[in-house]
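Structure file work35.txt; described as compact mmCIF, C-alpha atoms and all ligand atoms.
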```txt
# COMPACT_ATOMS: atom_id res chain seq x y z
CA MET R 1 28.71 -69.28 155.16
CA ALA R 2 26.74 -70.01 152.02
CA GLN R 3 24.69 -73.17 151.84
CA ILE R 4 26.26 -75.34 149.14
CA ILE R 5 23.49 -76.84 147.04
CA ASP R 6 24.50 -80.46 146.49
CA GLY R 7 23.26 -81.48 143.05
CA LYS R 8 24.94 -84.85 143.29
CA LEU R 9 23.00 -85.72 146.43
CA ILE R 10 19.67 -84.29 145.20
CA SER R 11 19.96 -86.03 141.83
CA ALA R 12 20.74 -89.32 143.63
CA GLN R 13 17.57 -88.89 145.75
CA ILE R 14 15.49 -88.26 142.61
CA LYS R 15 16.95 -91.33 140.90
CA GLU R 16 16.19 -93.47 143.97
CA GLU R 17 12.57 -92.22 143.94
CA LEU R 18 12.30 -92.99 140.22
CA LYS R 19 13.78 -96.46 140.70
CA GLU R 20 11.02 -97.22 143.19
CA LYS R 21 8.33 -95.85 140.84
CA VAL R 22 9.64 -97.88 137.90
CA SER R 23 9.75 -101.02 140.01
CA LYS R 24 6.07 -100.49 140.97
CA MET R 25 5.18 -99.87 137.32
CA LYS R 26 6.99 -103.09 136.34
CA SER R 27 4.97 -105.04 138.88
CA LEU R 28 1.86 -103.74 137.09
CA GLY R 29 3.31 -104.87 133.76
CA VAL R 30 4.33 -101.39 132.56
CA GLU R 31 7.82 -101.00 131.09
CA VAL R 32 9.52 -97.65 130.33
CA THR R 33 11.74 -97.48 127.24
CA LEU R 34 14.02 -94.66 126.08
CA ALA R 35 15.57 -94.62 122.58
CA VAL R 36 18.86 -92.70 122.45
CA ILE R 37 20.22 -91.67 119.06
CA GLN R 38 23.75 -90.39 118.53
CA VAL R 39 25.02 -89.41 115.08
CA GLY R 40 28.82 -89.41 114.77
CA ALA R 41 31.29 -89.87 117.60
CA ASP R 42 31.76 -86.47 119.24
CA PRO R 43 33.65 -87.43 122.44
CA ALA R 44 31.64 -85.15 124.76
CA SER R 45 28.37 -86.50 123.30
CA SER R 46 29.60 -90.06 123.79
CA VAL R 47 30.18 -89.34 127.50
CA TYR R 48 26.69 -87.80 127.89
CA VAL R 49 25.06 -90.72 126.05
CA ARG R 50 26.93 -93.28 128.14
CA ASN R 51 25.82 -91.53 131.35
CA LYS R 52 22.20 -91.44 130.15
CA LYS R 53 22.28 -95.16 129.44
CA LYS R 54 23.88 -95.85 132.83
CA ALA R 55 21.14 -93.84 134.58
CA CYS R 56 18.48 -95.83 132.68
CA GLU R 57 20.07 -99.06 133.82
CA PHE R 58 20.15 -97.91 137.46
CA ILE R 59 16.49 -96.89 137.45
CA GLY R 60 15.24 -99.88 135.49
CA ILE R 61 14.38 -98.03 132.27
CA ARG R 62 15.05 -100.06 129.12
CA SER R 63 17.32 -98.13 126.77
CA LEU R 64 17.64 -98.69 123.04
CA SER R 65 20.84 -97.35 121.58
CA TYR R 66 21.26 -96.10 118.01
CA GLU R 67 24.83 -95.11 117.18
CA LEU R 68 24.75 -93.86 113.60
CA PRO R 69 27.80 -92.99 111.51
CA GLU R 70 28.71 -89.32 110.92
CA GLY R 71 27.76 -89.69 107.23
CA THR R 72 24.13 -90.72 107.92
CA SER R 73 21.76 -88.70 105.76
CA GLN R 74 19.05 -86.50 107.22
CA GLU R 75 16.42 -88.70 105.51
CA GLU R 76 17.82 -91.83 107.17
CA LEU R 77 17.67 -90.15 110.58
CA LEU R 78 14.12 -88.88 109.93
CA ASP R 79 13.12 -92.42 108.89
CA LEU R 80 14.45 -93.84 112.16
CA ILE R 81 12.64 -91.15 114.19
CA ASN R 82 9.39 -91.89 112.35
CA LYS R 83 9.73 -95.61 113.06
CA LEU R 84 10.39 -94.92 116.76
CA ASN R 85 7.43 -92.49 116.87
CA GLU R 86 5.18 -95.32 115.70
CA ARG R 87 6.51 -98.01 118.04
CA ALA R 88 4.14 -98.53 120.97
CA ASP R 89 6.98 -100.03 123.03
CA VAL R 90 9.08 -96.83 122.87
CA ASN R 91 8.13 -94.06 125.33
CA GLY R 92 10.94 -91.55 124.92
CA ILE R 93 13.14 -90.50 121.99
CA LEU R 94 16.31 -88.48 122.48
CA VAL R 95 18.57 -87.25 119.68
CA GLN R 96 21.89 -86.20 121.19
CA LEU R 97 23.05 -82.72 120.13
CA PRO R 98 25.06 -81.35 118.43
CA LEU R 99 24.21 -83.00 115.11
CA PRO R 100 26.65 -83.07 112.16
CA SER R 101 26.62 -79.85 110.15
CA HIS R 102 24.80 -81.40 107.14
CA MET R 103 21.68 -81.88 109.27
CA GLU R 104 19.04 -79.27 110.13
CA GLU R 105 18.66 -79.51 113.89
CA GLU R 106 15.26 -77.84 113.93
CA LYS R 107 13.81 -80.24 111.35
CA ILE R 108 15.10 -83.26 113.29
CA LEU R 109 13.83 -82.09 116.68
CA ASP R 110 10.44 -81.16 115.22
CA ALA R 111 10.11 -84.70 113.79
CA ILE R 112 10.09 -86.28 117.26
CA SER R 113 6.54 -86.93 118.47
CA PRO R 114 5.76 -84.31 121.17
CA LEU R 115 4.44 -87.21 123.29
CA LYS R 116 7.89 -88.85 123.21
CA ASP R 117 10.00 -85.67 123.35
CA VAL R 118 11.67 -86.31 126.72
CA ASP R 119 14.18 -83.48 126.09
CA GLY R 120 11.27 -81.00 125.98
CA PHE R 121 12.66 -79.31 122.84
CA HIS R 122 9.62 -79.71 120.53
CA PRO R 123 7.75 -76.43 119.84
CA GLN R 124 4.52 -78.01 121.13
CA ASN R 125 6.13 -78.69 124.51
CA VAL R 126 7.76 -75.26 124.63
CA GLY R 127 4.37 -73.71 123.83
CA ALA R 128 2.67 -75.85 126.50
CA LEU R 129 5.14 -74.58 129.10
CA CYS R 130 4.51 -71.01 127.96
CA ILE R 131 0.75 -71.20 128.55
CA GLY R 132 0.81 -73.50 131.58
CA LYS R 133 -0.35 -76.71 129.89
CA GLN R 134 0.99 -80.18 130.59
CA GLY R 135 4.03 -81.30 128.58
CA PHE R 136 7.70 -82.15 128.76
CA VAL R 137 9.99 -79.49 130.24
CA SER R 138 13.63 -79.02 129.19
CA CYS R 139 15.73 -81.02 131.67
CA THR R 140 18.36 -78.53 132.85
CA PRO R 141 15.94 -75.74 133.87
CA ALA R 142 13.58 -78.33 135.39
CA GLY R 143 16.58 -79.54 137.40
CA VAL R 144 17.27 -76.01 138.66
CA ILE R 145 13.71 -75.76 140.00
CA GLN R 146 14.16 -79.09 141.81
CA LEU R 147 17.46 -77.90 143.32
CA LEU R 148 15.74 -74.78 144.69
CA LYS R 149 12.65 -76.60 145.98
CA ARG R 150 14.54 -79.47 147.58
CA SER R 151 16.92 -76.99 149.26
CA GLY R 152 13.97 -75.20 150.87
CA ILE R 153 14.42 -72.03 148.81
CA GLU R 154 11.16 -70.18 148.20
CA ILE R 155 10.68 -68.80 144.66
CA ALA R 156 7.28 -67.08 144.95
CA GLY R 157 7.59 -63.31 145.13
CA LYS R 158 11.38 -63.34 144.69
CA GLU R 159 13.35 -61.21 142.23
CA CYS R 160 14.69 -63.82 139.81
CA VAL R 161 17.26 -62.84 137.18
CA VAL R 162 18.29 -65.24 134.42
CA ILE R 163 21.46 -64.50 132.44
CA GLY R 164 21.13 -66.12 129.01
CA ARG R 165 18.21 -66.59 126.63
CA SER R 166 18.89 -69.90 124.87
CA ASN R 167 15.96 -72.09 123.85
CA ILE R 168 17.30 -74.98 125.96
CA VAL R 169 18.09 -73.14 129.21
CA GLY R 170 17.46 -69.38 129.49
CA LYS R 171 13.95 -69.14 128.03
CA PRO R 172 12.44 -72.24 129.69
CA MET R 173 14.20 -71.27 132.94
CA ALA R 174 12.44 -67.90 132.90
CA LEU R 175 9.07 -69.55 132.18
CA LEU R 176 9.52 -72.07 135.02
CA LEU R 177 10.47 -69.38 137.54
CA LEU R 178 7.41 -67.43 136.42
CA ARG R 179 5.25 -70.55 136.85
CA GLU R 180 6.57 -70.68 140.44
CA ASN R 181 5.43 -67.06 140.91
CA GLY R 182 8.87 -65.46 140.80
CA THR R 183 9.31 -61.92 139.42
CA VAL R 184 11.47 -62.70 136.42
CA THR R 185 13.97 -60.69 134.39
CA VAL R 186 15.88 -62.22 131.45
CA THR R 187 19.22 -60.64 130.55
CA HIS R 188 21.45 -61.32 127.55
CA SER R 189 24.41 -60.04 125.55
CA ARG R 190 22.61 -56.79 124.64
CA THR R 191 21.50 -55.97 128.18
CA LYS R 192 22.69 -52.56 129.36
CA GLU R 193 23.98 -52.17 132.92
CA LEU R 194 24.05 -55.94 133.46
CA LYS R 195 25.61 -55.63 136.92
CA ALA R 196 22.87 -53.26 138.07
CA VAL R 197 20.20 -55.75 136.93
CA THR R 198 21.84 -58.89 138.35
CA SER R 199 22.52 -57.08 141.65
CA ARG R 200 18.74 -56.89 142.18
CA ALA R 201 18.38 -60.67 142.11
CA ASP R 202 17.32 -62.72 145.12
CA ILE R 203 17.79 -65.74 142.84
CA LEU R 204 20.38 -65.43 140.06
CA VAL R 205 20.53 -68.18 137.42
CA VAL R 206 23.63 -67.93 135.25
CA ALA R 207 23.68 -69.61 131.82
CA VAL R 208 25.95 -67.24 129.95
CA GLY R 209 28.53 -69.71 128.63
CA LYS R 210 31.63 -67.75 129.69
CA PRO R 211 34.02 -69.22 132.27
CA ARG R 212 33.99 -67.40 135.65
CA MET R 213 32.37 -64.28 134.13
CA ILE R 214 30.11 -63.58 137.10
CA THR R 215 32.20 -62.10 139.90
CA GLU R 216 31.09 -60.79 143.30
CA ASP R 217 30.19 -57.34 141.91
CA TYR R 218 27.28 -58.90 139.93
CA VAL R 219 25.73 -60.41 143.05
CA LYS R 220 23.63 -59.00 145.90
CA GLU R 221 24.61 -59.91 149.47
CA GLY R 222 22.55 -62.95 150.51
CA ALA R 223 21.49 -63.95 146.99
CA VAL R 224 20.98 -67.54 145.82
CA VAL R 225 23.27 -68.22 142.84
CA ILE R 226 22.71 -71.11 140.42
CA ASP R 227 25.51 -71.79 137.94
CA VAL R 228 24.49 -73.67 134.79
CA GLY R 229 27.88 -73.32 133.04
CA ILE R 230 30.56 -75.98 132.80
CA HIS R 231 33.98 -75.35 131.28
CA ARG R 232 37.52 -76.62 131.55
CA ASP R 233 39.96 -73.81 132.36
CA SER R 234 43.51 -73.43 131.01
CA GLU R 235 44.83 -75.58 133.89
CA GLY R 236 42.38 -78.36 133.10
CA HIS R 237 40.07 -77.70 136.08
CA LEU R 238 36.30 -77.70 135.69
CA CYS R 239 34.67 -74.35 136.40
CA GLY R 240 31.33 -72.67 135.86
CA ASP R 241 30.10 -69.31 134.56
CA VAL R 242 30.39 -68.02 138.14
CA ASP R 243 33.66 -67.11 139.84
CA TYR R 244 32.88 -69.38 142.79
CA GLU R 245 35.72 -68.22 145.06
CA SER R 246 34.68 -64.55 145.05
CA VAL R 247 30.90 -65.09 144.82
CA ALA R 248 30.32 -67.87 147.40
CA PRO R 249 31.15 -65.75 150.50
CA LYS R 250 28.49 -63.24 149.45
CA CYS R 251 25.65 -65.74 148.86
CA SER R 252 23.09 -67.41 151.07
CA ALA R 253 23.27 -70.47 148.78
CA ILE R 254 25.24 -71.46 145.69
CA THR R 255 25.69 -74.44 143.38
CA PRO R 256 29.23 -75.76 142.88
CA VAL R 257 30.71 -76.84 139.53
CA PRO R 258 30.99 -79.77 139.19
CA GLY R 259 28.29 -81.31 141.39
CA GLY R 260 25.61 -78.63 141.13
CA VAL R 261 23.27 -78.31 138.15
CA GLY R 262 25.12 -80.88 135.98
CA PRO R 263 23.90 -84.10 137.61
CA MET R 264 20.32 -82.77 137.68
CA THR R 265 19.94 -82.78 133.88
CA ILE R 266 20.07 -86.57 133.63
CA ALA R 267 17.88 -87.03 136.73
CA MET R 268 15.19 -84.85 135.10
CA LEU R 269 15.55 -86.70 131.80
CA MET R 270 14.85 -89.91 133.69
CA ASN R 271 11.87 -88.21 135.35
CA ASN R 272 10.54 -87.18 131.93
CA CYS R 273 10.88 -90.79 130.70
CA VAL R 274 8.81 -92.05 133.64
CA GLU R 275 6.23 -89.28 133.18
CA SER R 276 6.01 -90.05 129.44
CA VAL R 277 4.05 -93.20 130.22
CA LYS R 278 1.32 -91.08 131.86
CA LEU R 279 1.28 -88.53 129.02
CA GLN R 280 0.91 -91.33 126.48
CA GLY R 281 -1.78 -93.09 128.51
N1 LIG R 301 23.60 -82.03 124.15
C1 LIG R 301 23.98 -81.33 125.25
N2 LIG R 301 22.97 -81.28 126.14
C2 LIG R 301 21.94 -81.96 125.61
C3 LIG R 301 20.62 -82.28 126.07
O1 LIG R 301 20.18 -81.90 127.15
N3 LIG R 301 19.88 -83.02 125.22
C4 LIG R 301 20.33 -83.44 124.01
N4 LIG R 301 19.51 -84.15 123.25
N5 LIG R 301 21.53 -83.16 123.56
C5 LIG R 301 22.33 -82.43 124.36
```

If you convert what's in this file into structure tokens, what do you get?
Amino acid sequence: MAQIIDGKLISAQIKEELKEKVSKMKSLGVEVTLAVIQVGADPASSVYVRNKKKACEFIGIRSLSYELPEGTSQEELLDLINKLNERADVNGILVQLPLPSHMEEEKILDAISPLKDVDGFHPQNVGALCIGKQGFVSCTPAGVIQLLKRSGIEIAGKECVVIGRSNIVGKPMALLLLRENGTVTVTHSRTKELKAVTSRADILVVAVGKPRMITEDYVKEGAVVIDVGIHRDSEGHLCGDVDYESVAPKCSAITPVPGGVGPMTIAMLMNNCVESVKLQG
């Protein structure tokens, strides 16, 4: 039977640890503040933002909420970011994605001070990760590393295959596995013989964005499978990029959807907020 990696439980442990840290910081007179900006009212974004604010409240992080109308101009948003960059009482700045189509995402994300970029999306932080310097790491891939470590799964020396090369998940995931001394292969839509490559993996991280695409024939017997995808199928059930029913019996460990990688993203965001105080000090 595969070990089911319980992201809900592990994220709860991390949040408890952070709550304790924040309480100690408070007793020393240090407060942690996250500014969350949402432009427009995309329903999925509203759910994510609400959950981020709830996590802040649980841990004892002060959250400042900026809910801007859909028609906000890029200049107005840049002005707000600049003001928050300058405020000494704001440690983290998060602009919820996606942004309305009249805004240039890259320009907005680049405007956030790298010292307050708790999402880890700024080129300076991506570059720091690439060359092993200190900086913020993108939350979902950082969460995957925590899931592996806290489940007692060794990464060093393992064949790690990542499916997907996005800037937010695939690329930082590959860099983090490499930092942990894994032997890393990144696959994508142009990869030839995908099944042959993924079947080599001791650790397979799937961030392909297609519901239940990865079936048992992509997976080696005894592999660890991490599913980053989340979708709602035609019957309204949540599912991942991995066909859990066929893949789980073949694995040594697997993340479920929901309750696997998903809850880790917010836990790692909270971790980045707490760490931001050190980076700024
Ligand atoms: N939209 C979906 N996921 C994320 C995330 O991790 N950070 C931000 N800022 N927006 C998102």

Please provide as a ChimeraX atom specification all residues within 10 Å of Leu9 (chain R), with the sequence filter that same-chain residues fewer than 6 positions apart are discarded (counting all atoms listed in the file).
-> /R:15,259-260,263-264

With distances taken over all atoms listed in the file, which of R:Cys251, R:Leu18, R:Val277, R:Ile266 is nearest to Ile5 (chain R)?
->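 Selected residue with least distance to Ile5 (chain R): R:Cys251.
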
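Proximity to ligand LIG 301 (chain R) was assessed for R:Pro141, R:Gly29, R:Pro123, R:Gly281 counting only C-alpha atoms and all ligand atoms; the smallest distance is recorded for R:Pro141.
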
Surrounding residues of His188 (chain R) excluding itself and chain neighbours under 4 positions, 7 Å, all atoms listed in the file, as an MDAnalysis selection string | chainID R and resid 163:165

Go through R:Arg190, R:Lys220, R:Lys210, R:Lys158 one by one, measure the shortest atom-to-atom distance of each to Val242 (chain R) using only C-alpha atoms, and give the residue with the smallest value.
->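 Ranking R:Arg190, R:Lys220, R:Lys210, R:Lys158 by distance to Val242 (chain R), first place goes to R:Lys210.
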
Point (18.9, -89.1, 116.2), cut-off 12 Å, counting all atoms listed in the file, residues as a PyMOL selection string | chain R and resi 35-40+49+64-70+72-85+93-100+103-105+107-112+117

Quick one: region 93-115 of chain R with N, CA, C and O atoms, as an mmCIF file, in the frame of the given file?
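Listing of rebuild.cif after writing:
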```
data_model
loop_
_atom_site.group_PDB
_atom_site.id
_atom_site.type_symbol
_atom_site.label_atom_id
_atom_site.label_comp_id
_atom_site.auth_asym_id
_atom_site.auth_seq_id
_atom_site.Cartn_x
_atom_site.Cartn_y
_atom_site.Cartn_z
ATOM 1 N N ILE R 93 12.141 -90.534 123.071
ATOM 2 C CA ILE R 93 13.140 -90.500 121.990
ATOM 3 C C ILE R 93 14.049 -89.303 122.251
ATOM 4 O O ILE R 93 13.566 -88.179 122.448
ATOM 5 N N LEU R 94 15.355 -89.563 122.248
ATOM 6 C CA LEU R 94 16.310 -88.480 122.480
ATOM 7 C C LEU R 94 17.356 -88.504 121.375
ATOM 8 O O LEU R 94 17.969 -89.539 121.123
ATOM 9 N N VAL R 95 17.497 -87.387 120.683
ATOM 10 C CA VAL R 95 18.570 -87.250 119.680
ATOM 11 C C VAL R 95 19.650 -86.372 120.313
ATOM 12 O O VAL R 95 19.406 -85.197 120.624
ATOM 13 N N GLN R 96 20.821 -86.948 120.537
ATOM 14 C CA GLN R 96 21.890 -86.200 121.190
ATOM 15 C C GLN R 96 22.380 -85.066 120.283
ATOM 16 O O GLN R 96 22.624 -85.266 119.093
ATOM 17 N N LEU R 97 22.534 -83.884 120.855
ATOM 18 C CA LEU R 97 23.050 -82.720 120.130
ATOM 19 C C LEU R 97 24.501 -82.485 120.543
ATOM 20 O O LEU R 97 24.878 -82.863 121.651
ATOM 21 N N PRO R 98 25.355 -81.894 119.749
ATOM 22 C CA PRO R 98 25.060 -81.350 118.430
ATOM 23 C C PRO R 98 25.006 -82.440 117.345
ATOM 24 O O PRO R 98 25.610 -83.486 117.487
ATOM 25 N N LEU R 99 24.270 -82.113 116.265
ATOM 26 C CA LEU R 99 24.210 -83.000 115.110
ATOM 27 C C LEU R 99 25.283 -82.578 114.105
ATOM 28 O O LEU R 99 25.725 -81.425 114.132
ATOM 29 N N PRO R 100 25.686 -83.483 113.199
ATOM 30 C CA PRO R 100 26.650 -83.070 112.160
ATOM 31 C C PRO R 100 26.104 -81.896 111.352
ATOM 32 O O PRO R 100 24.885 -81.722 111.250
ATOM 33 N N SER R 101 27.021 -81.121 110.768
ATOM 34 C CA SER R 101 26.620 -79.850 110.150
ATOM 35 C C SER R 101 25.718 -80.026 108.924
ATOM 36 O O SER R 101 25.020 -79.087 108.529
ATOM 37 N N HIS R 102 25.677 -81.235 108.307
ATOM 38 C CA HIS R 102 24.800 -81.400 107.140
ATOM 39 C C HIS R 102 23.346 -81.665 107.547
ATOM 40 O O HIS R 102 22.487 -81.858 106.694
ATOM 41 N N MET R 103 23.077 -81.647 108.835
ATOM 42 C CA MET R 103 21.680 -81.880 109.270
ATOM 43 C C MET R 103 21.068 -80.596 109.824
ATOM 44 O O MET R 103 21.768 -79.780 110.420
ATOM 45 N N GLU R 104 19.756 -80.454 109.606
ATOM 46 C CA GLU R 104 19.040 -79.270 110.130
ATOM 47 C C GLU R 104 18.440 -79.669 111.486
ATOM 48 O O GLU R 104 17.442 -80.399 111.530
ATOM 49 N N GLU R 105 19.048 -79.127 112.521
ATOM 50 C CA GLU R 105 18.660 -79.510 113.890
ATOM 51 C C GLU R 105 17.157 -79.315 114.128
ATOM 52 O O GLU R 105 16.473 -80.183 114.675
ATOM 53 N N GLU R 106 16.657 -78.172 113.664
ATOM 54 C CA GLU R 106 15.260 -77.840 113.930
ATOM 55 C C GLU R 106 14.320 -78.886 113.308
ATOM 56 O O GLU R 106 13.347 -79.316 113.931
ATOM 57 N N LYS R 107 14.638 -79.267 112.067
ATOM 58 C CA LYS R 107 13.810 -80.240 111.350
ATOM 59 C C LYS R 107 13.807 -81.597 112.079
ATOM 60 O O LYS R 107 12.774 -82.261 112.181
ATOM 61 N N ILE R 108 14.973 -81.977 112.590
ATOM 62 C CA ILE R 108 15.100 -83.260 113.290
ATOM 63 C C ILE R 108 14.308 -83.223 114.600
ATOM 64 O O ILE R 108 13.516 -84.132 114.891
ATOM 65 N N LEU R 109 14.504 -82.162 115.366
ATOM 66 C CA LEU R 109 13.830 -82.090 116.680
ATOM 67 C C LEU R 109 12.317 -81.991 116.504
ATOM 68 O O LEU R 109 11.553 -82.559 117.287
ATOM 69 N N ASP R 110 11.882 -81.290 115.468
ATOM 70 C CA ASP R 110 10.440 -81.160 115.220
ATOM 71 C C ASP R 110 9.808 -82.486 114.793
ATOM 72 O O ASP R 110 8.590 -82.650 114.891
ATOM 73 N N ALA R 111 10.649 -83.422 114.279
ATOM 74 C CA ALA R 111 10.110 -84.700 113.790
ATOM 75 C C ALA R 111 9.779 -85.659 114.939
ATOM 76 O O ALA R 111 9.025 -86.615 114.773
ATOM 77 N N ILE R 112 10.363 -85.399 116.118
ATOM 78 C CA ILE R 112 10.090 -86.280 117.260
ATOM 79 C C ILE R 112 8.668 -86.022 117.750
ATOM 80 O O ILE R 112 8.267 -84.867 117.932
ATOM 81 N N SER R 113 7.908 -87.101 117.965
ATOM 82 C CA SER R 113 6.540 -86.930 118.470
ATOM 83 C C SER R 113 6.578 -86.137 119.777
ATOM 84 O O SER R 113 7.340 -86.483 120.686
ATOM 85 N N PRO R 114 5.760 -85.075 119.909
ATOM 86 C CA PRO R 114 5.760 -84.310 121.170
ATOM 87 C C PRO R 114 5.440 -85.176 122.386
ATOM 88 O O PRO R 114 5.861 -84.855 123.490
ATOM 89 N N LEU R 115 4.763 -86.307 122.168
ATOM 90 C CA LEU R 115 4.440 -87.210 123.290
ATOM 91 C C LEU R 115 5.627 -88.069 123.708
ATOM 92 O O LEU R 115 5.574 -88.740 124.738
#
```
